[in-house]
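Undergrad: Sharing entry.cif (mmCIF, C-alpha atoms) below.
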data_upload
loop_
_atom_site.group_PDB
_atom_site.id
_atom_site.type_symbol
_atom_site.label_atom_id
_atom_site.label_comp_id
_atom_site.auth_asym_id
_atom_site.auth_seq_id
_atom_site.Cartn_x
_atom_site.Cartn_y
_atom_site.Cartn_z
ATOM 1 C CA MET E 1 -59.758 -27.706 56.218
ATOM 2 C CA ASN E 2 -61.552 -28.745 53.031
ATOM 3 C CA LYS E 3 -64.024 -26.375 51.485
ATOM 4 C CA PRO E 4 -67.229 -27.915 50.186
ATOM 5 C CA VAL E 5 -67.661 -28.006 46.426
ATOM 6 C CA VAL E 6 -70.630 -25.968 45.361
ATOM 7 C CA ILE E 7 -72.278 -26.985 42.094
ATOM 8 C CA THR E 8 -74.665 -24.386 40.795
ATOM 9 C CA ILE E 9 -77.547 -24.942 38.441
ATOM 10 C CA SER E 10 -75.965 -22.611 35.890
ATOM 11 C CA SER E 11 -72.745 -24.656 35.791
ATOM 12 C CA VAL E 12 -74.706 -27.902 35.303
ATOM 13 C CA VAL E 13 -76.737 -26.307 32.505
ATOM 14 C CA THR E 14 -73.571 -24.927 30.886
ATOM 15 C CA VAL E 15 -71.860 -28.331 30.899
ATOM 16 C CA ALA E 16 -75.015 -30.007 29.580
ATOM 17 C CA LEU E 17 -75.270 -27.470 26.732
ATOM 18 C CA LEU E 18 -71.594 -27.955 25.827
ATOM 19 C CA VAL E 19 -72.016 -31.734 25.743
ATOM 20 C CA LEU E 20 -75.171 -31.384 23.607
ATOM 21 C CA ALA E 21 -73.424 -28.983 21.200
ATOM 22 C CA GLY E 22 -70.477 -31.375 20.861
ATOM 23 C CA TRP E 23 -72.762 -34.322 20.209
ATOM 24 C CA LEU E 24 -74.796 -32.375 17.602
ATOM 25 C CA TYR E 25 -71.609 -31.311 15.822
ATOM 26 C CA TRP E 26 -70.280 -34.889 15.784
ATOM 27 C CA ARG E 27 -73.603 -36.343 14.657
ATOM 28 C CA PHE E 28 -74.540 -33.908 11.865
ATOM 29 C CA TRP E 29 -71.527 -31.778 10.782
ATOM 30 C CA PHE E 30 -68.404 -33.860 11.462
ATOM 31 C CA THR E 31 -67.004 -35.298 8.233
ATOM 32 C CA TYR E 32 -66.651 -39.012 8.942
ATOM 33 C CA ALA E 33 -64.966 -39.828 5.620
ATOM 34 C CA GLU E 34 -64.110 -38.345 2.214
ATOM 35 C CA GLY E 35 -63.599 -40.131 -1.058
ATOM 36 C CA THR E 36 -64.507 -40.585 -4.686
ATOM 37 C CA ASP E 37 -66.897 -42.912 -6.404
ATOM 38 C CA SER E 38 -67.546 -43.494 -10.079
ATOM 39 C CA GLY E 39 -70.071 -45.198 -12.272
ATOM 40 C CA GLU E 40 -72.995 -44.523 -14.561
ATOM 41 C CA LEU E 41 -75.323 -41.818 -13.268
ATOM 42 C CA ASN E 42 -78.608 -43.729 -13.129
ATOM 43 C CA TYR E 43 -80.854 -40.909 -11.943
ATOM 44 C CA PHE E 44 -80.658 -37.440 -10.485
ATOM 45 C CA SER E 45 -83.646 -35.465 -9.223
ATOM 46 C CA ARG E 46 -84.853 -32.697 -6.962
ATOM 47 C CA GLN E 47 -87.353 -34.078 -4.484
ATOM 48 C CA GLY E 48 -88.973 -33.542 -1.113
ATOM 49 C CA VAL E 49 -92.169 -32.300 0.488
ATOM 50 C CA ILE E 50 -90.908 -29.599 2.846
ATOM 51 C CA PHE E 51 -87.190 -29.468 2.015
ATOM 52 C CA LYS E 52 -86.406 -29.842 -1.692
ATOM 53 C CA THR E 53 -83.098 -31.688 -1.973
ATOM 54 C CA TYR E 54 -81.068 -33.109 -4.829
ATOM 55 C CA GLU E 55 -80.735 -36.896 -4.779
ATOM 56 C CA GLY E 56 -78.928 -39.211 -7.167
ATOM 57 C CA LYS E 57 -77.719 -42.736 -7.721
ATOM 58 C CA ILE E 58 -74.668 -44.135 -9.486
ATOM 59 C CA VAL E 59 -74.695 -47.726 -10.722
ATOM 60 C CA GLN E 60 -71.216 -49.226 -10.607
ATOM 61 C CA SER E 61 -69.870 -52.052 -12.719
ATOM 62 C CA GLY E 62 -69.888 -55.525 -11.230
ATOM 63 C CA LEU E 63 -72.307 -57.330 -8.969
ATOM 64 C CA LYS E 64 -72.487 -57.973 -5.236
ATOM 65 C CA ARG E 65 -74.064 -60.816 -3.328
ATOM 66 C CA THR E 66 -77.219 -60.145 -1.394
ATOM 67 C CA ALA E 67 -78.056 -61.613 1.996
ATOM 68 C CA ALA E 68 -78.221 -65.415 2.160
ATOM 69 C CA ALA E 69 -81.972 -65.267 2.767
ATOM 70 C CA GLN E 70 -82.459 -63.427 -0.544
ATOM 71 C CA GLY E 71 -80.062 -65.745 -2.378
ATOM 72 C CA GLY E 72 -79.141 -63.563 -5.338
ATOM 73 C CA VAL E 73 -76.965 -60.834 -6.733
ATOM 74 C CA GLN E 74 -77.589 -57.176 -7.380
ATOM 75 C CA SER E 75 -75.739 -54.240 -8.912
ATOM 76 C CA ASN E 76 -73.519 -51.982 -6.830
ATOM 77 C CA GLU E 77 -75.255 -48.675 -6.196
ATOM 78 C CA PHE E 78 -74.049 -45.444 -4.628
ATOM 79 C CA LYS E 79 -76.871 -43.172 -3.453
ATOM 80 C CA PHE E 80 -75.937 -39.575 -2.684
ATOM 81 C CA SER E 81 -77.228 -36.060 -2.041
ATOM 82 C CA VAL E 82 -75.994 -32.706 -3.373
ATOM 83 C CA GLU E 83 -76.181 -29.358 -1.543
ATOM 84 C CA ASN E 84 -74.561 -27.079 -4.115
ATOM 85 C CA GLU E 85 -76.970 -25.921 -6.843
ATOM 86 C CA ALA E 86 -74.214 -25.447 -9.459
ATOM 87 C CA ILE E 87 -73.091 -29.071 -9.016
ATOM 88 C CA ALA E 88 -76.722 -30.222 -9.062
ATOM 89 C CA ASP E 89 -77.355 -28.329 -12.304
ATOM 90 C CA SER E 90 -74.323 -29.982 -13.910
ATOM 91 C CA LEU E 91 -75.429 -33.456 -12.790
ATOM 92 C CA MET E 92 -78.959 -32.892 -14.155
ATOM 93 C CA HIS E 93 -77.393 -32.985 -17.633
ATOM 94 C CA CYS E 94 -75.246 -36.099 -17.026
ATOM 95 C CA THR E 95 -77.814 -38.874 -16.611
ATOM 96 C CA GLY E 96 -76.613 -42.031 -18.398
ATOM 97 C CA ARG E 97 -72.987 -40.885 -18.513
ATOM 98 C CA GLN E 98 -69.957 -42.120 -16.583
ATOM 99 C CA VAL E 99 -69.129 -39.733 -13.746
ATOM 100 C CA GLU E 100 -66.538 -39.591 -10.984
ATOM 101 C CA LEU E 101 -67.711 -37.704 -7.922
ATOM 102 C CA HIS E 102 -65.997 -36.544 -4.726
ATOM 103 C CA TYR E 103 -68.098 -36.884 -1.575
ATOM 104 C CA LYS E 104 -68.103 -36.307 2.164
ATOM 105 C CA LYS E 105 -69.718 -38.849 4.472
ATOM 106 C CA TYR E 106 -71.444 -37.646 7.629
ATOM 107 C CA ASN E 107 -72.673 -39.693 10.597
ATOM 108 C CA ALA E 108 -76.311 -38.716 9.950
ATOM 109 C CA SER E 109 -78.340 -36.807 7.378
ATOM 110 C CA LEU E 110 -80.162 -33.511 7.835
ATOM 111 C CA PRO E 111 -83.516 -32.855 6.149
ATOM 112 C CA TRP E 112 -82.263 -29.765 4.288
ATOM 113 C CA ARG E 113 -78.973 -31.432 3.273
ATOM 114 C CA GLY E 114 -80.559 -34.520 1.712
ATOM 115 C CA GLU E 115 -81.619 -38.092 2.432
ATOM 116 C CA SER E 116 -78.160 -39.633 2.177
ATOM 117 C CA VAL E 117 -75.177 -39.405 4.533
ATOM 118 C CA PHE E 118 -73.028 -39.148 1.366
ATOM 119 C CA VAL E 119 -72.946 -35.533 0.127
ATOM 120 C CA VAL E 120 -71.243 -34.865 -3.214
ATOM 121 C CA ASP E 121 -69.182 -31.672 -3.137
ATOM 122 C CA SER E 122 -67.466 -31.801 -6.554
ATOM 123 C CA ILE E 123 -67.480 -33.500 -9.955
ATOM 124 C CA TRP E 124 -64.075 -34.876 -10.915
ATOM 125 C CA SER E 125 -64.895 -36.158 -14.396
ATOM 126 C CA VAL E 126 -67.717 -36.830 -16.847
ATOM 127 C CA LYS E 127 -67.268 -39.192 -19.815
#
Can the structure in the file be given as structure tokens, please?

TA:
Amino acid sequence: MNKPVVITISSVVTVALLVLAGWLYWRFWFTYAEGTDSGELNYFSRQGVIFKTYEGKIVQSGLKRTAAAQGGVQSNEFKFSVENEAIADSLMHCTGRQVELHYKKYNASLPWRGESVFVVDSIWSVK
């Protein structure tokens, strides 16, 4: 004889919370990619209304085509955020210099981590 399967509210809530926790981890804390990027540090600043974050941009050599509707070319740019204050302090003094940075790419940004999904975690070289 088969026993009926009893699904309780607590088991449904537990499964739902586990699925939500897994999705939140994948969306905001899972490292999607890691790599390095280099170029001239165009700007670096601390900005924000509620959460003050460090944001920067590297301009890379060469040009890339824009969409056909725009019909032009533009410079290659790498926009990034920095969480670590020691790294941010070092980059504040490197504007206009060639830098090579190591970053982690996340699936989405968090307000206190920065605007970009690219988060620089170390400086490999400054020239």

Undergrad: Taking (-82.2, -32.4, -1.8) in the file's coordinates, which residues come within 10 Å, counting all atoms listed in the file, written as a CSV table (one decimal) with C-alpha atoms, in the frame of the given file?

TA:
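Written output follows (result.csv):
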chain,number,residue,atom,x,y,z
E,45,SER,CA,-83.6,-35.5,-9.2
E,46,ARG,CA,-84.9,-32.7,-7.0
E,47,GLN,CA,-87.4,-34.1,-4.5
E,48,GLY,CA,-89.0,-33.5,-1.1
E,51,PHE,CA,-87.2,-29.5,2.0
E,52,LYS,CA,-86.4,-29.8,-1.7
E,53,THR,CA,-83.1,-31.7,-2.0
E,54,TYR,CA,-81.1,-33.1,-4.8
E,55,GLU,CA,-80.7,-36.9,-4.8
E,56,GLY,CA,-78.9,-39.2,-7.2
E,80,PHE,CA,-75.9,-39.6,-2.7
E,81,SER,CA,-77.2,-36.1,-2.0
E,82,VAL,CA,-76.0,-32.7,-3.4
E,83,GLU,CA,-76.2,-29.4,-1.5
E,84,ASN,CA,-74.6,-27.1,-4.1
E,85,GLU,CA,-77.0,-25.9,-6.8
E,88,ALA,CA,-76.7,-30.2,-9.1
E,110,LEU,CA,-80.2,-33.5,7.8
E,111,PRO,CA,-83.5,-32.9,6.1
E,112,TRP,CA,-82.3,-29.8,4.3
E,113,ARG,CA,-79.0,-31.4,3.3
E,114,GLY,CA,-80.6,-34.5,1.7
E,115,GLU,CA,-81.6,-38.1,2.4
E,116,SER,CA,-78.2,-39.6,2.2
E,119,VAL,CA,-72.9,-35.5,0.1

Undergrad: For the structure shown, which residues end up in the PyMOL selection byres ((chain E and resi 108) around 6)? Put them as a list in words, please?

TA: Arg27, Phe28, Tyr106, Asn107, Ser109 and Val117 of chain E

Undergrad: Work out how far apart atom CA of Asp121 of chain E and atom CA of Tyr103 of chain E are and give it in Å to one decimal.

TA: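 So the two atoms, atom CA of Asp121 of chain E and atom CA of Tyr103 of chain E, lie 5.5 Å apart.
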
Undergrad: Can you translate the PyMOL selection byres ((chain E and resi 29-41) around 6) into the concrete residues it hits in this file, as a list in words?

TA: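 Expected selection for the PyMOL selection byres ((chain E and resi 29-41) around 6) here is Tyr25, Trp26, Phe28, Asn42, Tyr43, Ile58, Val59, Gln60, Thr95, Gly96, Arg97, Gln98, Val99, Glu100, Leu101, His102, Tyr103, Lys104, Lys105 and Tyr106 of chain E.
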
Undergrad: Could those residues be written to a file, using C-alpha atoms, as a CSV table (one decimal), in the frame of the given file?

TA:
chain,number,residue,atom,x,y,z
E,25,TYR,CA,-71.6,-31.3,15.8
E,26,TRP,CA,-70.3,-34.9,15.8
E,28,PHE,CA,-74.5,-33.9,11.9
E,42,ASN,CA,-78.6,-43.7,-13.1
E,43,TYR,CA,-80.9,-40.9,-11.9
E,58,ILE,CA,-74.7,-44.1,-9.5
E,59,VAL,CA,-74.7,-47.7,-10.7
E,60,GLN,CA,-71.2,-49.2,-10.6
E,95,THR,CA,-77.8,-38.9,-16.6
E,96,GLY,CA,-76.6,-42.0,-18.4
E,97,ARG,CA,-73.0,-40.9,-18.5
E,98,GLN,CA,-70.0,-42.1,-16.6
E,99,VAL,CA,-69.1,-39.7,-13.7
E,100,GLU,CA,-66.5,-39.6,-11.0
E,101,LEU,CA,-67.7,-37.7,-7.9
E,102,HIS,CA,-66.0,-36.5,-4.7
E,103,TYR,CA,-68.1,-36.9,-1.6
E,104,LYS,CA,-68.1,-36.3,2.2
E,105,LYS,CA,-69.7,-38.8,4.5
E,106,TYR,CA,-71.4,-37.6,7.6

Undergrad: From the list E:Val126, E:Leu17, E:Ile9, E:Val120, which residue is nearest Phe78 of chain E when using only C-alpha atoms?

TA: E:Val120

Undergrad: Suppose you want the space between atom CA of Val5 of chain E and atom CA of Leu18 of chain E; what is it in Å?

TA: 21.0 Å

Undergrad: Box for segment 36-52 of chain E - axis-aligned, 3 Å on each of the six sides, all listed atoms - centre and size in Å to one decimal, as lines of an AutoDock Vina configuration file.

TA:
center_x = -78.3
center_y = -37.3
center_z = -5.9
size_x = 33.7
size_y = 21.7
size_z = 23.4

Undergrad: Write a file for segment 11-28 of chain E of the given structure; include N, CA and C atoms and format it as a short mmCIF file (atom, residue, chain, number, x, y, z; two decimals), in the first residue's frame.

TA:
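What follows is the written file out_3.cif:
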data_model
loop_
_atom_site.label_atom_id
_atom_site.label_comp_id
_atom_site.auth_asym_id
_atom_site.auth_seq_id
_atom_site.Cartn_x
_atom_site.Cartn_y
_atom_site.Cartn_z
N SER E 11 8.47 22.74 4.90
CA SER E 11 9.38 22.18 3.90
C SER E 11 9.34 23.01 2.61
N VAL E 12 8.18 23.51 2.23
CA VAL E 12 8.07 24.39 1.05
C VAL E 12 8.84 25.68 1.28
N VAL E 13 8.71 26.26 2.45
CA VAL E 13 9.42 27.50 2.79
C VAL E 13 10.93 27.25 2.81
N THR E 14 11.35 26.12 3.36
CA THR E 14 12.77 25.80 3.41
C THR E 14 13.36 25.66 2.01
N VAL E 15 12.68 24.95 1.13
CA VAL E 15 13.16 24.79 -0.24
C VAL E 15 13.18 26.15 -0.95
N ALA E 16 12.16 26.95 -0.76
CA ALA E 16 12.10 28.27 -1.38
C ALA E 16 13.26 29.15 -0.90
N LEU E 17 13.56 29.11 0.39
CA LEU E 17 14.67 29.90 0.93
C LEU E 17 16.02 29.41 0.40
N LEU E 18 16.19 28.10 0.24
CA LEU E 18 17.43 27.57 -0.31
C LEU E 18 17.61 27.98 -1.77
N VAL E 19 16.54 27.93 -2.53
CA VAL E 19 16.60 28.36 -3.93
C VAL E 19 16.92 29.86 -4.01
N LEU E 20 16.28 30.66 -3.18
CA LEU E 20 16.55 32.11 -3.15
C LEU E 20 18.00 32.39 -2.76
N ALA E 21 18.51 31.69 -1.75
CA ALA E 21 19.90 31.89 -1.32
C ALA E 21 20.86 31.51 -2.44
N GLY E 22 20.59 30.42 -3.13
CA GLY E 22 21.45 30.01 -4.25
C GLY E 22 21.43 31.01 -5.37
N TRP E 23 20.25 31.53 -5.68
CA TRP E 23 20.14 32.53 -6.75
C TRP E 23 20.87 33.81 -6.36
N LEU E 24 20.71 34.28 -5.11
CA LEU E 24 21.39 35.49 -4.65
C LEU E 24 22.91 35.33 -4.71
N TYR E 25 23.39 34.16 -4.29
CA TYR E 25 24.83 33.91 -4.35
C TYR E 25 25.31 33.97 -5.80
N TRP E 26 24.61 33.27 -6.70
CA TRP E 26 25.01 33.26 -8.11
C TRP E 26 24.94 34.66 -8.71
N ARG E 27 23.95 35.41 -8.38
CA ARG E 27 23.74 36.73 -8.99
C ARG E 27 24.75 37.77 -8.50
N PHE E 28 25.07 37.78 -7.20
CA PHE E 28 25.86 38.88 -6.64
C PHE E 28 27.25 38.51 -6.12
#
